[in-house]
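All remarks here apply to the structure that follows.
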Amino acid sequence: MFNAPHAGIDPFAVTVRGIGEAHPAHAALRALGPIVRADAPAGGQVWIVTDYALAREVLTHPGIVKDPAYAPVEWDPRTAGLEPAAAAQPSLTTLDGAAHEALRRAHAPLFTARRMHDYSARITTIARELLTGLAAAGGTVDLMADFATRFPLSVVCDLLGVPLDRVDQAIVACRRMYSDNPEEVGMAMAMFAELAAAALQGGRDGLAVELRERVPDELTDAQVHYLLFTLIYAGQLTTDAALGFLLAYVLDADRDRADRDRADRDISDRIATGELVLDALRRHPPAPFTLWRFTATDIELAGVRLPARSPVLVDIQGINTDPGRSSGPDLTFGAGPHYCTGAQLAQLELGAIVDVLRNDFPGARLAVPFAELRQVGVGGIQGSRLTALPITLRG
Ligand code: HEM
């Protein structure tokens with residue numbers, strides 16, 4: 001058994017780069033081997049898996065768990081950005097094993113492909129209303145400031161049954177989650193609890209009410225509110241970041257092409273099959289790493305011994321973009337028991353916005369050259385987001 005090589009690069013640093021510039025850490029980590037050590041932002045080491053087959057092993061390994069109760073003892077849960085331990089706050093993102101399976105069974109029927117497909121016309125309506133509202137003001141609009149956060153939050157609130165006049169509150173709550181100040185984060189969590197309570201009020205008929213009926217009876221109101229918070233926040237954070245890259249590629253795709261008709265047909269085919277969406281997600285996965293996992297006992301992975309309580313991440317972006325990967329689907333939405341609950345919903349949302357933009361706003365154009373678009377990686381395990389996406393909607 002040997003020790004994993006240590007990365008000389010910080011994969012969790014804040015970065016600002018051009019839209020086409022790859023984050024330097026992923027290729028560097030991959031070059032070091034299938035499992036690599038790096039300095040963890042909360043102290044000590046983290047083991048990062050860069051190989052597809054080993055990633056699948058990690059994502060299904062019974063001895064590698066999500067419960068923050070197994071985090072390194074020296075980690076401060078707040079600065080490490082950890083959720084409460086599963087015993088205090090059961091959640092899809094922190095439970096493991098049978099308890100996790102039970103909670104998945106409660107969620108699964110609400111987010112199936114068929115269920116989401118039935119809802120797709122509503123998603124399109126929301127996209128159309130929001131873009132039409134922006135177009136009415138005329139001139140240049142910044143989709144990252146005025147649309148990317150509001151659209152996925154409007155969809156997820158509508159789906160869950162949170163009244164849509166609460167979307168502004170949801171936007172504020174999501175933005176406060178980025179704060180380093182624990183009081184601000186506490187205020188955000190209180191706002192999320194209010195949104196959840198509003199969705200559960202008598203007379204509401206969204207998925208929140210259905211979910212409450214399906215989860216184990218012993219869950220308290222506050223615990224059900226936390227489950228709804230997870231859906232709202234996970235639904236915003238990821239789709240918000242993906243939207244900017246996707247729409248930038250769509251708007252750039254047929255610009256200045258000599259053979260516009262052909263370019264238009266090519267992109268239409270790729271949109272129809274969902275390929276364009278998956279391709280943007282492959283290159284810019286909103287979750288470049290999985291969420292934190294920890295070894296529950298001493299284990300061995302690819303000949304490397306990991307002591308109990310070792311933090312483990314899978315490098316989703318590195319594996320997605322590995323030129324040497326010969327098989328297997330992308331890991332954009334994870335794999336195994338914690339595979340993304342909202343994968344169908346997210347792909348429908350992204351597909352809907354591309355359709356609405358192209359069909360209802362055929363004159364939409366980037367207001368700056370594509371190459372000038374910048375992305376910022378906020379650091380830690382979070383993904384990158386465009387700093388701005390200025391466009392004119394009516395051409
Ligand atoms: C493009 C958009 C999205 C991406 C790329 C994405 C990505 C992911 C990934 C990689 C995981 C697994 C994390 C891990 O194993 O550590 C995950 C889990 C999850 N996602 Fe998403 N997600 C997206 C949209 C959504 C939406 C719209 C929702 C809301 C309905 C959502 C809800 C969740 C939940 C609840 C989990 C936890 C599942 C579990 O642990 O059992 N996601 N997502």
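Letters for chains follow the order of the structure tokens (A, B, ...), residue numbers begin at 1 for each chain, and ligand numbers begin at 1 in the order shown.
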Skip A:Ala280 itself and residues of its chain fewer than 5 positions away, then list as a short mmCIF file (atom, residue, chain, number, x, y, z; two decimals) with all heavy atoms, in the first residue's frame all residues within 8 Å of it, counting only C-alpha atoms.
```
data_model
loop_
_atom_site.label_atom_id
_atom_site.label_comp_id
_atom_site.auth_asym_id
_atom_site.auth_seq_id
_atom_site.Cartn_x
_atom_site.Cartn_y
_atom_site.Cartn_z
N ALA A 242 -25.49 26.78 -14.64
CA ALA A 242 -25.48 26.12 -15.96
C ALA A 242 -26.07 27.00 -17.04
O ALA A 242 -25.61 26.99 -18.19
CB ALA A 242 -26.26 24.81 -15.87
N PHE A 245 -23.61 29.48 -19.13
CA PHE A 245 -22.74 28.83 -20.12
C PHE A 245 -23.56 28.37 -21.32
O PHE A 245 -23.22 28.60 -22.47
CB PHE A 245 -22.00 27.64 -19.50
CG PHE A 245 -21.02 28.05 -18.44
CD1 PHE A 245 -21.30 27.86 -17.10
CD2 PHE A 245 -19.82 28.65 -18.80
CE1 PHE A 245 -20.39 28.25 -16.13
CE2 PHE A 245 -18.90 29.05 -17.83
CZ PHE A 245 -19.19 28.85 -16.48
N LEU A 246 -24.68 27.70 -21.02
CA LEU A 246 -25.50 27.13 -22.10
C LEU A 246 -25.97 28.24 -23.04
O LEU A 246 -25.83 28.14 -24.27
CB LEU A 246 -26.70 26.39 -21.48
CG LEU A 246 -27.72 25.87 -22.46
CD1 LEU A 246 -27.12 24.78 -23.34
CD2 LEU A 246 -28.95 25.31 -21.72
N TYR A 249 -23.29 29.70 -25.25
CA TYR A 249 -22.96 28.84 -26.40
C TYR A 249 -24.03 28.94 -27.48
O TYR A 249 -23.73 29.00 -28.67
CB TYR A 249 -22.79 27.38 -25.98
CG TYR A 249 -21.51 27.13 -25.22
CD1 TYR A 249 -21.53 26.53 -23.96
CD2 TYR A 249 -20.28 27.50 -25.75
CE1 TYR A 249 -20.35 26.31 -23.26
CE2 TYR A 249 -19.10 27.29 -25.05
CZ TYR A 249 -19.15 26.70 -23.80
OH TYR A 249 -17.98 26.50 -23.11
N PRO A 285 -19.69 21.55 -15.41
CA PRO A 285 -20.64 20.99 -14.44
C PRO A 285 -20.83 21.93 -13.26
O PRO A 285 -19.84 22.37 -12.66
CB PRO A 285 -19.98 19.67 -14.02
CG PRO A 285 -18.55 19.80 -14.39
CD PRO A 285 -18.47 20.76 -15.54
#
```
> If you run DSSP on this backbone, which residues of stretch 196-349 of chain A come out as helix (DSSP H, G or I), and could you give them as a PyMOL selection string?
Replying inline: chain A and resi 196-200+207-214+221-253+260-272+275-283+316-320+336-338+343-349
Mind dumping a table of every chain A residue within 6 Å of ligand 1, with the nearest atom pair and its distance in Å to one decimal, using only C-alpha atoms and all ligand atoms, sorted by chain and rising number, as JSON lines?
```
{"residue": "A:Leu92", "atom": "CA", "partner": "ligand 1", "partner_atom_place_in_ligand_line": "40 (O)", "distance": 4.4}
{"residue": "A:Thr93", "atom": "CA", "partner": "ligand 1", "partner_atom_place_in_ligand_line": "40 (O)", "distance": 3.9}
{"residue": "A:Thr230", "atom": "CA", "partner": "ligand 1", "partner_atom_place_in_ligand_line": "35 (C)", "distance": 5.8}
{"residue": "A:Leu231", "atom": "CA", "partner": "ligand 1", "partner_atom_place_in_ligand_line": "29 (C)", "distance": 4.4}
{"residue": "A:Ala234", "atom": "CA", "partner": "ligand 1", "partner_atom_place_in_ligand_line": "31 (C)", "distance": 4.7}
{"residue": "A:Gly235", "atom": "CA", "partner": "ligand 1", "partner_atom_place_in_ligand_line": "27 (C)", "distance": 3.5}
{"residue": "A:Thr238", "atom": "CA", "partner": "ligand 1", "partner_atom_place_in_ligand_line": "2 (C)", "distance": 4.5}
{"residue": "A:Thr239", "atom": "CA", "partner": "ligand 1", "partner_atom_place_in_ligand_line": "2 (C)", "distance": 4.3}
{"residue": "A:Ala242", "atom": "CA", "partner": "ligand 1", "partner_atom_place_in_ligand_line": "1 (C)", "distance": 5.8}
{"residue": "A:Pro285", "atom": "CA", "partner": "ligand 1", "partner_atom_place_in_ligand_line": "5 (C)", "distance": 5.6}
{"residue": "A:Pro286", "atom": "CA", "partner": "ligand 1", "partner_atom_place_in_ligand_line": "5 (C)", "distance": 4.9}
{"residue": "A:Ala287", "atom": "CA", "partner": "ligand 1", "partner_atom_place_in_ligand_line": "10 (C)", "distance": 5.5}
{"residue": "A:Thr290", "atom": "CA", "partner": "ligand 1", "partner_atom_place_in_ligand_line": "16 (O)", "distance": 4.0}
{"residue": "A:Leu291", "atom": "CA", "partner": "ligand 1", "partner_atom_place_in_ligand_line": "16 (O)", "distance": 3.7}
{"residue": "A:Thr332", "atom": "CA", "partner": "ligand 1", "partner_atom_place_in_ligand_line": "5 (C)", "distance": 5.2}
{"residue": "A:Phe333", "atom": "CA", "partner": "ligand 1", "partner_atom_place_in_ligand_line": "10 (C)", "distance": 3.9}
{"residue": "A:Gly334", "atom": "CA", "partner": "ligand 1", "partner_atom_place_in_ligand_line": "10 (C)", "distance": 4.0}
{"residue": "A:His338", "atom": "CA", "partner": "ligand 1", "partner_atom_place_in_ligand_line": "41 (O)", "distance": 3.6}
{"residue": "A:Tyr339", "atom": "CA", "partner": "ligand 1", "partner_atom_place_in_ligand_line": "12 (C)", "distance": 5.1}
{"residue": "A:Cys340", "atom": "CA", "partner": "ligand 1", "partner_atom_place_in_ligand_line": "18 (C)", "distance": 3.5}
{"residue": "A:Thr341", "atom": "CA", "partner": "ligand 1", "partner_atom_place_in_ligand_line": "33 (C)", "distance": 4.6}
{"residue": "A:Gly342", "atom": "CA", "partner": "ligand 1", "partner_atom_place_in_ligand_line": "28 (C)", "distance": 3.6}
{"residue": "A:Ala343", "atom": "CA", "partner": "ligand 1", "partner_atom_place_in_ligand_line": "24 (C)", "distance": 5.5}
{"residue": "A:Leu345", "atom": "CA", "partner": "ligand 1", "partner_atom_place_in_ligand_line": "27 (C)", "distance": 5.5}
{"residue": "A:Ala346", "atom": "CA", "partner": "ligand 1", "partner_atom_place_in_ligand_line": "27 (C)", "distance": 4.5}
```
Export, as a PDB file, in the first residue's frame, the selected residues with C-alpha atoms.
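Contents of selection16.pdb, freshly written:
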```
ATOM      1  CA  LEU A  92     -31.044  13.235   1.335  1.00  0.00           C
ATOM      2  CA  THR A  93     -27.628  14.858   1.288  1.00  0.00           C
ATOM      3  CA  THR A 230     -32.623  21.290   0.116  1.00  0.00           C
ATOM      4  CA  LEU A 231     -34.773  21.078  -2.999  1.00  0.00           C
ATOM      5  CA  ALA A 234     -30.039  22.643  -4.848  1.00  0.00           C
ATOM      6  CA  GLY A 235     -32.470  23.530  -7.631  1.00  0.00           C
ATOM      7  CA  THR A 238     -26.855  24.401  -9.997  1.00  0.00           C
ATOM      8  CA  THR A 239     -29.281  25.355 -12.761  1.00  0.00           C
ATOM      9  CA  ALA A 242     -25.478  26.116 -15.956  1.00  0.00           C
ATOM     10  CA  PRO A 285     -20.642  20.986 -14.445  1.00  0.00           C
ATOM     11  CA  PRO A 286     -22.295  23.221 -11.834  1.00  0.00           C
ATOM     12  CA  ALA A 287     -21.047  20.746  -9.217  1.00  0.00           C
ATOM     13  CA  THR A 290     -19.345  15.863  -5.467  1.00  0.00           C
ATOM     14  CA  LEU A 291     -20.473  16.951  -2.038  1.00  0.00           C
ATOM     15  CA  THR A 332     -22.603  15.743 -14.056  1.00  0.00           C
ATOM     16  CA  PHE A 333     -25.528  14.541 -11.913  1.00  0.00           C
ATOM     17  CA  GLY A 334     -23.452  12.104  -9.817  1.00  0.00           C
ATOM     18  CA  HIS A 338     -27.161   9.880  -4.257  1.00  0.00           C
ATOM     19  CA  TYR A 339     -27.742  10.508  -8.001  1.00  0.00           C
ATOM     20  CA  CYS A 340     -29.354  13.943  -8.414  1.00  0.00           C
ATOM     21  CA  THR A 341     -33.045  14.002  -7.544  1.00  0.00           C
ATOM     22  CA  GLY A 342     -33.608  16.957  -9.871  1.00  0.00           C
ATOM     23  CA  ALA A 343     -31.725  15.675 -12.958  1.00  0.00           C
ATOM     24  CA  LEU A 345     -36.196  18.748 -13.950  1.00  0.00           C
ATOM     25  CA  ALA A 346     -32.894  20.542 -14.555  1.00  0.00           C
TER      26      ALA A 346
END
```
Which residues are near A:Phe12? Cut-off 12 Å, only C-alpha atoms, ignore same chain within fewer than 5 positions. Put them as an mmCIF file with N, CA and C atoms, in the first residue's frame.
```cif
data_model
loop_
_atom_site.group_PDB
_atom_site.id
_atom_site.type_symbol
_atom_site.label_atom_id
_atom_site.label_comp_id
_atom_site.auth_asym_id
_atom_site.auth_seq_id
_atom_site.Cartn_x
_atom_site.Cartn_y
_atom_site.Cartn_z
ATOM 1 N N ALA A 7 -1.208 16.992 -4.450
ATOM 2 C CA ALA A 7 -1.299 17.975 -5.540
ATOM 3 C C ALA A 7 -0.569 19.251 -5.148
ATOM 4 N N HIS A 23 -10.464 25.245 -15.862
ATOM 5 C CA HIS A 23 -9.872 25.402 -14.534
ATOM 6 C C HIS A 23 -8.584 24.571 -14.528
ATOM 7 N N PRO A 24 -7.452 25.183 -14.139
ATOM 8 C CA PRO A 24 -6.171 24.463 -14.280
ATOM 9 C C PRO A 24 -6.062 23.229 -13.381
ATOM 10 N N ALA A 25 -6.874 23.173 -12.308
ATOM 11 C CA ALA A 25 -6.649 22.104 -11.319
ATOM 12 C C ALA A 25 -7.003 20.717 -11.839
ATOM 13 N N HIS A 26 -8.042 20.621 -12.687
ATOM 14 C CA HIS A 26 -8.556 19.276 -12.993
ATOM 15 C C HIS A 26 -7.549 18.434 -13.783
ATOM 16 N N ALA A 38 -5.013 16.546 -1.571
ATOM 17 C CA ALA A 38 -4.853 17.999 -1.663
ATOM 18 C C ALA A 38 -5.132 18.568 -0.275
ATOM 19 N N ASP A 39 -4.751 19.823 -0.061
ATOM 20 C CA ASP A 39 -5.063 20.464 1.221
ATOM 21 C C ASP A 39 -6.541 20.819 1.225
ATOM 22 N N ALA A 40 -7.244 20.385 2.266
ATOM 23 C CA ALA A 40 -8.681 20.676 2.356
ATOM 24 C C ALA A 40 -8.873 22.104 2.863
ATOM 25 N N PRO A 41 -9.901 22.812 2.354
ATOM 26 C CA PRO A 41 -10.107 24.200 2.797
ATOM 27 C C PRO A 41 -10.317 24.306 4.312
ATOM 28 N N ALA A 42 -10.885 23.270 4.939
ATOM 29 C CA ALA A 42 -11.154 23.351 6.386
ATOM 30 C C ALA A 42 -10.012 22.767 7.210
ATOM 31 N N VAL A 46 -7.600 16.153 1.838
ATOM 32 C CA VAL A 46 -8.776 15.537 1.216
ATOM 33 C C VAL A 46 -8.240 14.617 0.126
ATOM 34 N N ILE A 48 -8.939 13.078 -3.457
ATOM 35 C CA ILE A 48 -9.760 13.400 -4.624
ATOM 36 C C ILE A 48 -9.610 12.294 -5.664
ATOM 37 N N PRO A 288 -18.614 20.880 -9.725
ATOM 38 C CA PRO A 288 -17.373 20.327 -10.295
ATOM 39 C C PRO A 288 -16.822 19.178 -9.464
ATOM 40 N N PHE A 289 -17.172 19.173 -8.178
ATOM 41 C CA PHE A 289 -16.864 18.049 -7.298
ATOM 42 C C PHE A 289 -18.177 17.565 -6.696
ATOM 43 N N LEU A 313 -13.574 13.340 -2.153
ATOM 44 C CA LEU A 313 -14.373 13.996 -3.195
ATOM 45 C C LEU A 313 -14.148 13.271 -4.513
ATOM 46 N N ASP A 315 -13.814 14.107 -8.505
ATOM 47 C CA ASP A 315 -13.589 15.248 -9.400
ATOM 48 C C ASP A 315 -14.484 15.096 -10.638
ATOM 49 N N GLY A 377 -15.013 31.294 -10.346
ATOM 50 C CA GLY A 377 -15.179 30.124 -9.474
ATOM 51 C C GLY A 377 -15.135 30.648 -8.051
ATOM 52 N N VAL A 378 -16.239 30.468 -7.305
ATOM 53 C CA VAL A 378 -16.300 31.118 -5.986
ATOM 54 C C VAL A 378 -15.437 30.410 -4.949
ATOM 55 N N GLY A 379 -14.849 29.290 -5.314
ATOM 56 C CA GLY A 379 -13.952 28.590 -4.395
ATOM 57 C C GLY A 379 -14.640 27.447 -3.678
ATOM 58 N N GLY A 380 -13.851 26.679 -2.936
ATOM 59 C CA GLY A 380 -14.382 25.490 -2.266
ATOM 60 C C GLY A 380 -14.816 24.463 -3.296
ATOM 61 N N ILE A 381 -15.901 23.748 -3.001
ATOM 62 C CA ILE A 381 -16.332 22.701 -3.945
ATOM 63 C C ILE A 381 -17.389 23.233 -4.912
ATOM 64 N N GLN A 382 -17.659 24.538 -4.857
ATOM 65 C CA GLN A 382 -18.695 25.087 -5.745
ATOM 66 C C GLN A 382 -18.153 25.348 -7.146
ATOM 67 N N GLY A 383 -19.086 25.399 -8.088
ATOM 68 C CA GLY A 383 -18.714 25.554 -9.487
ATOM 69 C C GLY A 383 -18.546 27.008 -9.891
ATOM 70 N N SER A 384 -18.334 27.201 -11.188
ATOM 71 C CA SER A 384 -18.146 28.543 -11.737
ATOM 72 C C SER A 384 -19.453 29.056 -12.324
#
```
Could you give me, as a PDB file with N, CA, C and O atoms, in the first residue's frame, the residues within 10 Å of A:Leu32, counting only C-alpha atoms and dropping anything in the same chain fewer than 2 positions from it?
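Written output follows (around.pdb):
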```
ATOM      1  N   ALA A   4      -1.177   8.392  -1.484  1.00  0.00           N
ATOM      2  CA  ALA A   4      -1.541   9.067  -2.740  1.00  0.00           C
ATOM      3  C   ALA A   4      -0.638  10.290  -2.929  1.00  0.00           C
ATOM      4  O   ALA A   4      -0.280  10.943  -1.952  1.00  0.00           O
ATOM      5  N   PRO A   5      -0.295  10.635  -4.185  1.00  0.00           N
ATOM      6  CA  PRO A   5       0.520  11.844  -4.396  1.00  0.00           C
ATOM      7  C   PRO A   5      -0.221  13.093  -3.942  1.00  0.00           C
ATOM      8  O   PRO A   5      -1.460  13.129  -3.970  1.00  0.00           O
ATOM      9  N   HIS A   6       0.549  14.077  -3.544  1.00  0.00           N
ATOM     10  CA  HIS A   6      -0.066  15.331  -3.077  1.00  0.00           C
ATOM     11  C   HIS A   6      -0.036  16.365  -4.206  1.00  0.00           C
ATOM     12  O   HIS A   6       0.997  16.580  -4.830  1.00  0.00           O
ATOM     13  N   ALA A   7      -1.208  16.992  -4.450  1.00  0.00           N
ATOM     14  CA  ALA A   7      -1.299  17.975  -5.540  1.00  0.00           C
ATOM     15  C   ALA A   7      -0.569  19.251  -5.148  1.00  0.00           C
ATOM     16  O   ALA A   7      -0.743  19.743  -4.031  1.00  0.00           O
ATOM     17  N   GLY A   8       0.213  19.781  -6.068  1.00  0.00           N
ATOM     18  CA  GLY A   8       0.895  21.032  -5.773  1.00  0.00           C
ATOM     19  C   GLY A   8       0.038  22.241  -6.119  1.00  0.00           C
ATOM     20  O   GLY A   8       0.477  23.365  -6.089  1.00  0.00           O
ATOM     21  N   ALA A  27      -6.938  19.041 -14.818  1.00  0.00           N
ATOM     22  CA  ALA A  27      -5.946  18.283 -15.596  1.00  0.00           C
ATOM     23  C   ALA A  27      -4.747  17.961 -14.708  1.00  0.00           C
ATOM     24  O   ALA A  27      -4.173  16.860 -14.791  1.00  0.00           O
ATOM     25  N   ALA A  28      -4.376  18.905 -13.838  1.00  0.00           N
ATOM     26  CA  ALA A  28      -3.207  18.679 -12.972  1.00  0.00           C
ATOM     27  C   ALA A  28      -3.471  17.529 -12.000  1.00  0.00           C
ATOM     28  O   ALA A  28      -2.610  16.674 -11.781  1.00  0.00           O
ATOM     29  N   LEU A  29      -4.670  17.469 -11.434  1.00  0.00           N
ATOM     30  CA  LEU A  29      -5.006  16.380 -10.499  1.00  0.00           C
ATOM     31  C   LEU A  29      -4.984  15.043 -11.238  1.00  0.00           C
ATOM     32  O   LEU A  29      -4.410  14.060 -10.762  1.00  0.00           O
ATOM     33  N   ARG A  30      -5.625  15.036 -12.421  1.00  0.00           N
ATOM     34  CA  ARG A  30      -5.735  13.797 -13.207  1.00  0.00           C
ATOM     35  C   ARG A  30      -4.353  13.246 -13.557  1.00  0.00           C
ATOM     36  O   ARG A  30      -4.122  12.041 -13.534  1.00  0.00           O
ATOM     37  N   PRO A  34      -5.127   8.164 -10.135  1.00  0.00           N
ATOM     38  CA  PRO A  34      -6.567   7.977  -9.914  1.00  0.00           C
ATOM     39  C   PRO A  34      -7.060   8.519  -8.579  1.00  0.00           C
ATOM     40  O   PRO A  34      -8.236   8.827  -8.419  1.00  0.00           O
ATOM     41  N   ILE A  35      -6.139   8.621  -7.622  1.00  0.00           N
ATOM     42  CA  ILE A  35      -6.527   9.211  -6.327  1.00  0.00           C
ATOM     43  C   ILE A  35      -5.366  10.075  -5.835  1.00  0.00           C
ATOM     44  O   ILE A  35      -4.215   9.651  -5.835  1.00  0.00           O
ATOM     45  N   VAL A  36      -5.715  11.310  -5.469  1.00  0.00           N
ATOM     46  CA  VAL A  36      -4.711  12.339  -5.223  1.00  0.00           C
ATOM     47  C   VAL A  36      -5.059  13.043  -3.923  1.00  0.00           C
ATOM     48  O   VAL A  36      -6.244  13.223  -3.617  1.00  0.00           O
ATOM     49  N   ARG A  37      -4.042  13.451  -3.160  1.00  0.00           N
ATOM     50  CA  ARG A  37      -4.336  14.240  -1.955  1.00  0.00           C
ATOM     51  C   ARG A  37      -4.192  15.732  -2.253  1.00  0.00           C
ATOM     52  O   ARG A  37      -3.357  16.117  -3.076  1.00  0.00           O
ATOM     53  N   THR A  50      -9.954  10.874  -9.363  1.00  0.00           N
ATOM     54  CA  THR A  50      -9.943  11.477 -10.702  1.00  0.00           C
ATOM     55  C   THR A  50     -10.260  10.464 -11.801  1.00  0.00           C
ATOM     56  O   THR A  50     -10.257  10.820 -12.978  1.00  0.00           O
TER      57      THR A  50
END
```
Determine, using only C-alpha atoms, which residues of stretch 100-201 of chain A have any atom at most 12 Å from an atom of stretch 67-83 of chain A, and tabulate each with its shortest atom pair and distance in Å to one decimal place, rows ordered by chain and then rising number, as CSV.
```
residue,atom,partner,partner_atom,distance
A:His100,CA,A:Asp67,CA,10.5
A:Met177,CA,A:Gly81,CA,10.0
A:Tyr178,CA,A:Gly81,CA,10.1
A:Ser179,CA,A:Gly81,CA,10.9
A:Asp180,CA,A:Thr79,CA,8.1
A:Asn181,CA,A:Arg78,CA,9.8
A:Pro182,CA,A:Arg78,CA,7.7
A:Glu183,CA,A:Arg78,CA,11.3
A:Val185,CA,A:Arg78,CA,10.0
A:Gly186,CA,A:Arg78,CA,11.2
A:Met189,CA,A:Glu83,CA,11.7
```
Can you write out the residues you just picked, keeping N, CA and C atoms, as a PDB file, in the first residue's frame?
```pdb
ATOM      1  N   HIS A 100     -31.425   6.544   4.141  1.00  0.00           N
ATOM      2  CA  HIS A 100     -31.373   7.336   2.902  1.00  0.00           C
ATOM      3  C   HIS A 100     -32.317   6.753   1.854  1.00  0.00           C
ATOM      4  N   MET A 177     -26.834  32.733   1.374  1.00  0.00           N
ATOM      5  CA  MET A 177     -26.121  31.489   1.694  1.00  0.00           C
ATOM      6  C   MET A 177     -24.627  31.589   1.366  1.00  0.00           C
ATOM      7  N   TYR A 178     -24.253  32.578   0.530  1.00  0.00           N
ATOM      8  CA  TYR A 178     -22.834  32.745   0.182  1.00  0.00           C
ATOM      9  C   TYR A 178     -22.058  33.490   1.265  1.00  0.00           C
ATOM     10  N   SER A 179     -22.782  34.070   2.224  1.00  0.00           N
ATOM     11  CA  SER A 179     -22.124  34.948   3.186  1.00  0.00           C
ATOM     12  C   SER A 179     -21.191  34.167   4.121  1.00  0.00           C
ATOM     13  N   ASP A 180     -20.096  34.835   4.535  1.00  0.00           N
ATOM     14  CA  ASP A 180     -19.190  34.252   5.542  1.00  0.00           C
ATOM     15  C   ASP A 180     -19.733  34.488   6.939  1.00  0.00           C
ATOM     16  N   ASN A 181     -20.756  35.349   7.029  1.00  0.00           N
ATOM     17  CA  ASN A 181     -21.289  35.726   8.337  1.00  0.00           C
ATOM     18  C   ASN A 181     -22.383  34.727   8.754  1.00  0.00           C
ATOM     19  N   PRO A 182     -22.143  33.990   9.853  1.00  0.00           N
ATOM     20  CA  PRO A 182     -23.112  32.961  10.262  1.00  0.00           C
ATOM     21  C   PRO A 182     -24.520  33.523  10.527  1.00  0.00           C
ATOM     22  N   GLU A 183     -24.564  34.807  10.956  1.00  0.00           N
ATOM     23  CA  GLU A 183     -25.893  35.404  11.213  1.00  0.00           C
ATOM     24  C   GLU A 183     -26.699  35.514   9.919  1.00  0.00           C
ATOM     25  N   VAL A 185     -26.343  33.652   7.257  1.00  0.00           N
ATOM     26  CA  VAL A 185     -26.738  32.312   6.829  1.00  0.00           C
ATOM     27  C   VAL A 185     -27.936  31.851   7.679  1.00  0.00           C
ATOM     28  N   GLY A 186     -27.908  32.195   8.967  1.00  0.00           N
ATOM     29  CA  GLY A 186     -29.044  31.856   9.846  1.00  0.00           C
ATOM     30  C   GLY A 186     -30.318  32.543   9.359  1.00  0.00           C
ATOM     31  N   MET A 189     -31.606  30.709   6.355  1.00  0.00           N
ATOM     32  CA  MET A 189     -32.275  29.449   6.702  1.00  0.00           C
ATOM     33  C   MET A 189     -33.686  29.731   7.255  1.00  0.00           C
TER      34      MET A 189
END
```
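You will find atom CA of A:Gly336 at 24.7 Å from atom CA of A:Arg212.
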>> At a cut-off of 6 Å, using only C-alpha atoms, what residues contact A:Ile64? Leave out same-chain residues fewer than 4 positions from it and give the result as a count of residues only.
In response: 3
>> Give me the residues near A:Val155 as a PyMOL selection string, where near means some atom within 10 Å (using only C-alpha atoms) and where sequence neighbours in that chain fewer than 5 positions away do not count.
In response: chain A and resi 119+122-127+150+160-162+164+167+232+235-236+345-346+349
>> I'd like the contact shell of A:Gly244 - 12 Å cut-off, only C-alpha atoms, skipping same-chain residues fewer than 5 positions apart - returned as a ChimeraX atom specification.
In response: /A:19,142-149,151,238-239,249-251,277,280-281,284-286,350,353-354,366,370,373-376,384-391
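If you look at atom CA of A:Val16 and atom CA of A:Ala371, they are 13.8 Å away from each other.
For the atom pair formed by atom CA of A:Glu275 and atom CA of A:Arg115, the distance is 21.5 Å, given to one decimal.
Counting only C-alpha atoms, the residue from A:Gly206, A:Ala170, A:Pro163, A:Leu331 that sits nearest to A:Ile316 is A:Leu331.
With distances restricted to only C-alpha atoms, A:Leu159 is the closest residue to A:Asp205 from A:Ala335, A:Ala136, A:Ala98, A:Leu159.
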If you run DSSP on the backbone, which residues of stretch 17-88 of chain A are strand (DSSP E or B), as an mmCIF file with C-alpha atoms, in the first residue's frame?
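part-v9.cif written:
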```cif
data_model
loop_
_atom_site.group_PDB
_atom_site.id
_atom_site.type_symbol
_atom_site.label_atom_id
_atom_site.label_comp_id
_atom_site.auth_asym_id
_atom_site.auth_seq_id
_atom_site.Cartn_x
_atom_site.Cartn_y
_atom_site.Cartn_z
ATOM 1 C CA ARG A 17 -11.118 33.113 -16.124
ATOM 2 C CA GLY A 18 -12.360 33.482 -19.660
ATOM 3 C CA ILE A 35 -6.527 9.211 -6.327
ATOM 4 C CA VAL A 36 -4.711 12.339 -5.223
ATOM 5 C CA ARG A 37 -4.336 14.240 -1.955
ATOM 6 C CA ALA A 38 -4.853 17.999 -1.663
ATOM 7 C CA ASP A 39 -5.063 20.464 1.221
ATOM 8 C CA GLN A 45 -6.073 16.540 3.674
ATOM 9 C CA VAL A 46 -8.776 15.537 1.216
ATOM 10 C CA TRP A 47 -8.525 12.554 -1.113
ATOM 11 C CA ILE A 48 -9.760 13.400 -4.624
ATOM 12 C CA VAL A 49 -10.726 10.653 -7.076
ATOM 13 C CA ILE A 64 -17.788 6.005 2.383
ATOM 14 C CA VAL A 65 -20.630 8.008 3.866
#
```
